[in-house]
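Enquirer: This is model_37.txt, which holds compact mmCIF, C-alpha atoms:
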# COMPACT_ATOMS: atom_id res chain seq x y z
CA MET A 16 56.94 127.81 83.24
CA GLU A 17 53.72 126.83 81.55
CA SER A 18 50.77 128.61 83.07
CA ASP A 19 47.45 127.05 82.16
CA GLU A 20 45.69 128.40 85.27
CA PRO A 21 43.52 131.50 84.93
CA LEU A 22 44.80 134.64 86.61
CA ILE A 23 42.25 134.51 89.44
CA TYR A 24 43.66 131.20 90.74
CA ARG A 25 47.19 132.56 90.72
CA VAL A 26 46.01 135.65 92.62
CA GLY A 27 44.43 133.33 95.18
CA MET A 28 47.74 131.51 95.60
CA PHE A 29 49.43 134.87 96.07
CA PHE A 30 47.06 135.65 98.94
CA TYR A 31 47.80 132.22 100.46
CA VAL A 32 51.52 132.97 100.41
CA ILE A 33 51.08 136.46 101.86
CA GLY A 34 48.81 135.04 104.58
CA GLY A 35 51.38 132.37 105.39
CA GLY A 36 54.08 135.01 105.67
CA ALA A 37 51.95 137.10 108.01
CA PHE A 38 51.34 134.00 110.14
CA VAL A 39 55.09 133.38 110.34
CA LEU A 40 55.54 136.99 111.49
CA PHE A 41 52.91 136.38 114.19
CA VAL A 42 54.71 133.25 115.40
CA VAL A 43 58.05 135.07 115.46
CA SER A 44 56.52 137.96 117.42
CA ASP A 45 55.08 135.45 119.88
CA PHE A 46 58.49 133.84 120.37
CA ALA A 47 59.84 137.31 121.10
CA GLU A 48 57.17 137.56 123.82
CA GLN A 49 55.63 140.61 122.14
CA ALA A 50 52.73 138.91 120.38
CA ASP A 51 51.24 141.18 117.73
CA PHE A 52 47.79 139.82 116.98
CA ASP A 53 47.45 142.12 113.98
CA TYR A 54 49.64 139.66 112.08
CA LEU A 55 47.37 136.78 113.06
CA PHE A 56 44.20 138.55 111.96
CA MET A 57 45.85 139.75 108.75
CA SER A 58 47.00 136.20 107.96
CA LEU A 59 43.50 134.82 108.52
CA LEU A 60 42.06 137.52 106.28
CA MET A 61 44.60 136.91 103.51
CA ILE A 62 44.18 133.12 103.63
CA GLY A 63 40.39 133.59 103.55
CA ILE A 64 40.64 135.81 100.47
CA GLY A 65 42.96 133.30 98.83
CA TRP A 66 40.52 130.50 99.55
CA MET A 67 37.69 132.52 98.01
CA PHE A 68 39.68 132.96 94.81
CA ARG A 69 40.92 129.36 94.58
CA ARG A 70 37.81 127.45 95.65
CA GLY A 71 36.41 127.28 92.11
CA LYS A 72 39.49 125.55 90.74
CA PRO A 73 38.64 122.07 89.45
CA ALA A 74 40.53 119.12 90.88
CA PRO A 75 43.40 117.83 88.75
CA SER A 76 42.66 114.87 86.55
CA SER A 77 43.83 111.46 87.59
CA ALA A 78 47.29 110.52 86.36
CA GLY A 79 46.39 106.82 86.33
CA ARG A 80 49.44 105.81 88.35
CA PHE A 81 47.50 103.42 90.56
CA SER A 82 44.91 102.22 88.07
CA TRP A 83 46.31 98.69 88.04
CA LEU A 84 46.23 98.51 91.83
CA ASN A 85 42.69 99.90 91.99
CA LYS A 86 41.53 97.43 89.35
CA GLN A 87 43.04 94.51 91.30
CA ARG A 88 41.44 95.73 94.51
CA GLU A 89 38.03 96.02 92.83
CA GLU A 90 38.34 92.50 91.36
CA ARG A 91 39.15 91.08 94.79
CA ARG A 92 36.21 92.92 96.31
CA LYS A 93 33.83 91.51 93.67
CA LYS A 94 35.24 88.02 94.10
CA LYS A 95 34.80 88.21 97.88
CA GLN A 96 31.26 89.52 97.49
CA SER A 97 30.35 86.69 95.10
CA ARG A 98 31.74 84.12 97.55
CA GLN A 99 29.67 85.63 100.38
CA ASP A 100 26.56 85.66 98.20
CA SER A 101 27.04 81.98 97.28
CA LYS A 102 27.45 81.01 100.97
CA LYS A 103 24.18 82.73 101.87
CA LYS A 104 22.22 80.70 99.32
Would you put the structure from the file into structure tokens?
Expert:
Amino acid sequence: MESDEPLIYRVGMFFYVIGGGAFVLFVVSDFAEQADFDYLFMSLLMIGIGWMFRRGKPAPSSAGRFSWLNKQREERRKKKQSRQDSKKK
């Protein structure tokens, strides 16, 4: 596994996972009709900490999979705009 992310982002993901697990425990306790809200508050806290650590991560670069489609869409938009401009004159 290649790891090009800094440690702080991986720690943030760890807190996301732990928060998700605590939320699952809350849901299970609610189904058992013995809702333990400590799990809910702990999950919110863990997810919040994870968000704090991961919020500085830059967005991934574009893979260019839809570049052809986007280019065609932009050309059609320009063509339509030029036709509307010529009708106004």
Enquirer: Please provide the set of residues having any atom within 7 Å of A:Met61, restricted to only C-alpha atoms, with same-chain residues fewer than 4 positions apart removed, written as JSON, numbers by chain.
Expert: {"A": [30, 31, 33, 34, 57, 65]}
Enquirer: Between A:Phe52, A:Val32, A:Glu20, A:Gly79, which has the minimum distance to A:Trp66 (counting all atoms listed in the file)?
Expert: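 Among the listed residues, the smallest separation from A:Trp66 belongs to A:Val32.
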Enquirer: May I ask which of the residues A:Phe68, A:Gln99, A:Asp53, A:Val26 is the closest one to A:Phe41, counting all atoms listed in the file?
Expert: A:Asp53
Enquirer: Quick one: residues within 7 Å of A:Phe38, only C-alpha atoms counted, chain neighbours fewer than 3 positions away excluded, as a PyMOL selection string?
Expert: chain A and resi 34-35+41-42+54-55+58
Enquirer: Would you compute the distance between atom CA of A:Arg69 and atom CA of A:Met28? Give it in Å to one decimal.
Expert: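 Result for atom CA of A:Arg69 versus atom CA of A:Met28: 7.2 Å, one decimal.
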Enquirer: Figure out the distance between atom CA of A:Phe29 and atom CA of A:Ile64, please, to one decimal in Å.
Expert: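 According to the coordinates, atom CA of A:Ile64 and atom CA of A:Phe29 are separated by 9.9 Å.
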Enquirer: Measuring between all atoms listed in the file, which one of A:Arg92, A:Gly36, A:Lys103, A:Gln87 shows the shortest distance to A:Ile62?
Expert: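 Among A:Arg92, A:Gly36, A:Lys103, A:Gln87, it is A:Gly36 that comes nearest to A:Ile62.
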Enquirer: Work out how far apart atom CA of A:Gly63 and atom CA of A:Arg25 are and give it in Å to one decimal.
Expert: 14.6 Å
